[in-house]
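Colleague: Got a structure for you, written out below as structure tokens; questions coming shortly.
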Amino acid sequence: MVAPLPVLPRWWCGRQAAGWYEGSLQVAEPLARQVAHEVGSGVDDSAFHTGSSRFDGEWALGTHQMAVMGLAQFALAHPEQADEVLPAIEVAVDRLLSPEMRAFGTAAWREDGLAPDATGSHAYLGYLNIALGMARLVIPDPDWASTHDALTASLERRLADAPLALVETYPGEAYPPDVSAVAGSIGLHGTATGTPHPALAPWARAFEEHYLDDSGLLVQSALVGSGRAVDVPRASGTAIAAYFTSFSDPMLSTRLHGGVERGAISVLGFGAVREYPPGHLGLGDIDSGPVLLGLGVSATGFALAGARIHQDRRLFVSLARTAHLFGAPHDRAGRRDYVTGGPLGNAILLAMLTAGPGAAEGQP
């Protein structure tokens, strides 16, 4: 009676892990339907209660950005089902382009980052821009294309002019993971349009030189001008950067994923990722989520993307078991809702679980 106990939870939580890795329609469709449903029902900053209007705004933008990424990746992998999710992608992009969705950034910079005369770096717009690039792979909308082209050109200029490969998210605040979103969005624009972006190669070399720690993890925050780290290297930022840079520099993405993999553990078949490198301790923050016994919630979830992109099946399957266990999935009406994560968690999981080399190339 006791002998099956170490095996049954691993089996139960991992039943669909191989299907996710292999791109099974049957496995992916219920979560894609849930994310499309939540986007269609409406998600704004009032849905979040972080205690900070800035973080509430970031989470609302992140929900729609990740929804676009995941739904478009699903549509690319399963074009026969694309019509089921394309309307939700349109809704999400329209909301991302609304002034209300970037109000938190406008308040910080005291200017709209999409205004033609904007002077600030506005690195948070990399998240919006990468969603535009992914949407463009599946929906040829001329209005979005115009905004996408203009924003990409603006971000590329800022990246090329940035001291030490770093641009500010907010005045006086710079985060290498956010900068990776900027670079990834420029690379994805190149995929969608065939436009070369020569600023990316020198940026990647400088970025790796200054912000990739000997531990293999990316510095979470640094000072513009000096590049001096003001936070220790973190797996959560490294894992999401491995996803974003897969669209701009696959070799850099490979190195970032290698650093994340170095901090991965498995217990009875359930995988998790250490948030901090050896010699550092912490409780995490708003970006990492809770850190329990050194293991990061966000790092573990974001690492799914790198594992699938870089074809690390063993790690992917172990992390997918953990996501199932702690995500508390609930199936209803043909949809799957990971209850503990809410709309943001569902959107992130769909994007991470469907990430892959084909998505980075705009192919199934």
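In the structure tokens, chains take the letters A, B, ... in the order shown, each chain's residues start at 1, and ligands count up from 1 in the order shown.
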Leu349 (chain A): which residues within 9 Å, counting only C-alpha atoms, same-chain residues fewer than 4 positions away excluded, as a VMD selection string?

Modeller: chain A and resid 31 66 70 301 to 302 304 323 338 344 to 345 353 to 354

Colleague: Selected residues, C-alpha atoms, written as a compact mmCIF listing (two decimals), in the first residue's frame, please.

Modeller:
# COMPACT_ATOMS: atom_id res chain seq x y z
CA LEU A 31 -6.06 26.31 -21.44
CA MET A 66 1.24 36.92 -22.23
CA GLY A 70 0.36 32.12 -25.77
CA GLY A 301 7.12 28.71 -14.14
CA PHE A 302 9.18 30.84 -16.53
CA LEU A 304 9.17 25.98 -18.76
CA ALA A 323 2.91 23.62 -12.30
CA TYR A 338 -5.28 27.07 -13.07
CA LEU A 344 -2.25 36.39 -15.21
CA GLY A 345 -1.11 32.93 -14.17
CA LEU A 353 4.02 25.85 -22.15
CA THR A 354 3.61 26.61 -25.87

Colleague: Can you pull out every residue within 8 Å of region 259-268 of chain A, counting only C-alpha atoms, but drop anything in the same chain fewer than 5 positions away, and send it as a VMD selection string?

Modeller: chain A and resid 6 to 7 10 215 to 217 235 238 to 239 273 to 275 277 303 315 318

Colleague: Take the selection from the previous step and output its residues with N, CA and C atoms, as a PDB file, in the first residue's frame.

Modeller:
ATOM      1  N   PRO A   6       5.235   7.300  -3.604  1.00  0.00           N
ATOM      2  CA  PRO A   6       6.164   8.209  -4.296  1.00  0.00           C
ATOM      3  C   PRO A   6       5.902   8.304  -5.800  1.00  0.00           C
ATOM      4  N   VAL A   7       5.148   7.340  -6.351  1.00  0.00           N
ATOM      5  CA  VAL A   7       4.963   7.268  -7.802  1.00  0.00           C
ATOM      6  C   VAL A   7       3.663   7.899  -8.256  1.00  0.00           C
ATOM      7  N   ARG A  10       3.479  11.810  -8.906  1.00  0.00           N
ATOM      8  CA  ARG A  10       4.270  12.148 -10.086  1.00  0.00           C
ATOM      9  C   ARG A  10       3.531  11.753 -11.356  1.00  0.00           C
ATOM     10  N   SER A 215      27.570  32.949 -12.118  1.00  0.00           N
ATOM     11  CA  SER A 215      26.655  31.875 -11.730  1.00  0.00           C
ATOM     12  C   SER A 215      25.814  31.389 -12.908  1.00  0.00           C
ATOM     13  N   GLY A 216      25.818  32.160 -13.996  1.00  0.00           N
ATOM     14  CA  GLY A 216      24.967  31.852 -15.132  1.00  0.00           C
ATOM     15  C   GLY A 216      23.644  32.578 -15.098  1.00  0.00           C
ATOM     16  N   LEU A 217      23.396  33.327 -14.009  1.00  0.00           N
ATOM     17  CA  LEU A 217      22.141  34.064 -13.863  1.00  0.00           C
ATOM     18  C   LEU A 217      22.330  35.535 -14.209  1.00  0.00           C
ATOM     19  N   ALA A 235      17.050  33.967 -10.796  1.00  0.00           N
ATOM     20  CA  ALA A 235      16.598  33.007 -11.800  1.00  0.00           C
ATOM     21  C   ALA A 235      15.298  33.431 -12.460  1.00  0.00           C
ATOM     22  N   THR A 238      16.203  35.744 -15.217  1.00  0.00           N
ATOM     23  CA  THR A 238      16.988  35.019 -16.212  1.00  0.00           C
ATOM     24  C   THR A 238      16.102  34.121 -17.063  1.00  0.00           C
ATOM     25  N   ALA A 239      15.151  33.450 -16.420  1.00  0.00           N
ATOM     26  CA  ALA A 239      14.279  32.527 -17.146  1.00  0.00           C
ATOM     27  C   ALA A 239      13.390  33.265 -18.136  1.00  0.00           C
ATOM     28  N   VAL A 273      13.110  25.561  -9.457  1.00  0.00           N
ATOM     29  CA  VAL A 273      14.329  26.314  -9.765  1.00  0.00           C
ATOM     30  C   VAL A 273      14.657  27.234  -8.593  1.00  0.00           C
ATOM     31  N   ARG A 274      15.922  27.215  -8.191  1.00  0.00           N
ATOM     32  CA  ARG A 274      16.375  28.122  -7.133  1.00  0.00           C
ATOM     33  C   ARG A 274      16.379  29.556  -7.659  1.00  0.00           C
ATOM     34  N   GLU A 275      15.846  30.461  -6.858  1.00  0.00           N
ATOM     35  CA  GLU A 275      15.779  31.860  -7.276  1.00  0.00           C
ATOM     36  C   GLU A 275      17.139  32.534  -7.214  1.00  0.00           C
ATOM     37  N   PRO A 277      21.529  32.486  -6.669  1.00  0.00           N
ATOM     38  CA  PRO A 277      22.717  31.643  -6.835  1.00  0.00           C
ATOM     39  C   PRO A 277      23.287  31.248  -5.480  1.00  0.00           C
ATOM     40  N   ALA A 303      10.779  28.998 -16.354  1.00  0.00           N
ATOM     41  CA  ALA A 303      11.767  28.060 -16.886  1.00  0.00           C
ATOM     42  C   ALA A 303      11.150  27.054 -17.843  1.00  0.00           C
ATOM     43  N   LEU A 315      13.794  18.348 -17.951  1.00  0.00           N
ATOM     44  CA  LEU A 315      13.481  19.493 -17.098  1.00  0.00           C
ATOM     45  C   LEU A 315      12.048  19.959 -17.329  1.00  0.00           C
ATOM     46  N   SER A 318       9.472  17.694 -15.588  1.00  0.00           N
ATOM     47  CA  SER A 318       9.475  17.827 -14.130  1.00  0.00           C
ATOM     48  C   SER A 318       8.852  19.148 -13.695  1.00  0.00           C
TER      49      SER A 318
END

Colleague: So that I can see what lies close to Glu38 (chain A), please list as a list in words the residues with an atom at most 9 Å from it, counting only C-alpha atoms and leaving out residues fewer than 5 positions away in the same chain.

Modeller: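 After dropping sequence-adjacent residues, the list is Arg33, Val43, Ala88 and Pro343 of chain A.
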
Colleague: Got a sec: who's within 12 Å of Leu252 (chain A), counting only C-alpha atoms, leaving out chain neighbours fewer than 6 positions off, as a VMD selection string?

Modeller: chain A and resid 180 183 to 184 200 to 209 211 to 212 216 to 218 238 to 239 241 to 246 258 to 259 306 310

Colleague: Just the residues within 8 Å of region 140-152 of chain A, please, counting only C-alpha atoms, with nothing from its chain fewer than 6 positions along; format it as a list in words.

Modeller: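 Surrounding residues, per the criterion: Leu114, Asn129, Leu132, Gly133, Ser185, Ile186 and His189 of chain A.
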
Colleague: Go ahead and save the residues from that selection, with C-alpha atoms, as a PDB file, in the first residue's frame.

Modeller:
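Generated output (out-v8.pdb):
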ATOM      1  CA  LEU A 114       3.940  56.057 -27.658  1.00  0.00           C
ATOM      2  CA  ASN A 129       5.926  45.565 -28.624  1.00  0.00           C
ATOM      3  CA  LEU A 132       2.489  43.242 -31.366  1.00  0.00           C
ATOM      4  CA  GLY A 133       5.158  41.201 -33.125  1.00  0.00           C
ATOM      5  CA  SER A 185      10.516  42.557 -29.489  1.00  0.00           C
ATOM      6  CA  ILE A 186      12.942  44.006 -32.043  1.00  0.00           C
ATOM      7  CA  HIS A 189       9.711  42.396 -35.623  1.00  0.00           C
TER       8      HIS A 189
END

Colleague: Considering only C-alpha atoms, return as a list in words whatever protein or nucleic-acid residues lie within 10 Å of Pro198 (chain A), sequence-local ones (same chain, fewer than 5 positions apart) excluded.

Modeller: Glu156, Ala160, Gly187 and Trp203 of chain A

Colleague: Could you work out how far CA of Ala351 (chain A) lies from CA of Gly105 (chain A), giving the answer in Å with one decimal?

Modeller: 23.6 Å

Colleague: Write out as a list in words all residues of region 158-287 of chain A that backbone DSSP assigns to strand (DSSP E or B).

Modeller: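 Residues of region 158-287 of chain A classed as strand (DSSP E or B): Tyr170, Glu173, Ala174, Leu212, Leu218, Val219, Ala222, Ala229, Pro233, Arg234, Ala264, Ile265, Ser266, Val267, Phe270, Gly271, Ala272, Val273 and Arg274 of chain A.
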
Colleague: In Å, rounded to a single decimal, give me how far CA of Gln34 (chain A) is from CA of Pro9 (chain A).

Modeller: 24.8 Å

Colleague: Can you pull out every residue within 12 Å of Gly342 (chain A), counting only C-alpha atoms, but drop anything in the same chain fewer than 3 positions away, and send it as a list of chain:residue names?

Modeller: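 Skipping anything fewer than 3 positions along the chain leaves A:Gln34, A:Val35, A:Glu38, A:Val39, A:Val43, A:Ala47, A:Phe48, A:Trp59, A:Ala60, A:Thr63, A:Gly327, A:Ala328, A:Pro329, A:His330, A:Arg336, A:Asp337, A:Tyr338, A:Val339, A:Gly345, A:Asn346, A:Ala347, A:Ile348, A:Leu349.
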
Colleague: Take the residues just selected and output them with C-alpha atoms as a PDB file, in the first residue's frame.

Modeller:
ATOM      1  CA  GLN A  34      -9.665  29.642 -20.797  1.00  0.00           C
ATOM      2  CA  VAL A  35      -7.206  32.413 -21.627  1.00  0.00           C
ATOM      3  CA  GLU A  38     -10.719  35.606 -19.649  1.00  0.00           C
ATOM      4  CA  VAL A  39      -9.435  38.155 -22.171  1.00  0.00           C
ATOM      5  CA  VAL A  43      -9.158  42.142 -17.269  1.00  0.00           C
ATOM      6  CA  ALA A  47      -8.514  42.821 -11.034  1.00  0.00           C
ATOM      7  CA  PHE A  48      -5.242  43.018  -9.073  1.00  0.00           C
ATOM      8  CA  TRP A  59       0.054  42.939 -14.142  1.00  0.00           C
ATOM      9  CA  ALA A  60      -2.863  44.018 -16.330  1.00  0.00           C
ATOM     10  CA  THR A  63      -1.877  39.487 -18.607  1.00  0.00           C
ATOM     11  CA  GLY A 327      -1.653  25.472 -10.123  1.00  0.00           C
ATOM     12  CA  ALA A 328      -4.736  23.541  -8.934  1.00  0.00           C
ATOM     13  CA  PRO A 329      -6.295  23.104 -12.391  1.00  0.00           C
ATOM     14  CA  HIS A 330     -10.077  23.039 -12.619  1.00  0.00           C
ATOM     15  CA  ARG A 336      -8.912  24.548 -17.928  1.00  0.00           C
ATOM     16  CA  ASP A 337      -8.410  27.178 -15.226  1.00  0.00           C
ATOM     17  CA  TYR A 338      -5.282  27.074 -13.065  1.00  0.00           C
ATOM     18  CA  VAL A 339      -7.091  28.529 -10.093  1.00  0.00           C
ATOM     19  CA  GLY A 345      -1.115  32.935 -14.173  1.00  0.00           C
ATOM     20  CA  ASN A 346      -3.171  31.254 -16.892  1.00  0.00           C
ATOM     21  CA  ALA A 347      -1.785  33.591 -19.564  1.00  0.00           C
ATOM     22  CA  ILE A 348       1.806  33.061 -18.398  1.00  0.00           C
ATOM     23  CA  LEU A 349       1.416  29.289 -18.281  1.00  0.00           C
TER      24      LEU A 349
END

Colleague: Measure the distance from CA of Phe74 (chain A) to CA of Ser24 (chain A) in Å and round it to one decimal.

Modeller: 10.1 Å

Colleague: Return as a count of residues only the full set of residues in region 7-202 of chain A whose backbone-based DSSP assignment is helix (DSSP H, G or I).

Modeller: 142

Colleague: For Asp178 (chain A), which residue among A:Glu58, A:Asp44, A:Asp331, A:Asp312 is the nearest when counting only C-alpha atoms?

Modeller: A:Glu58
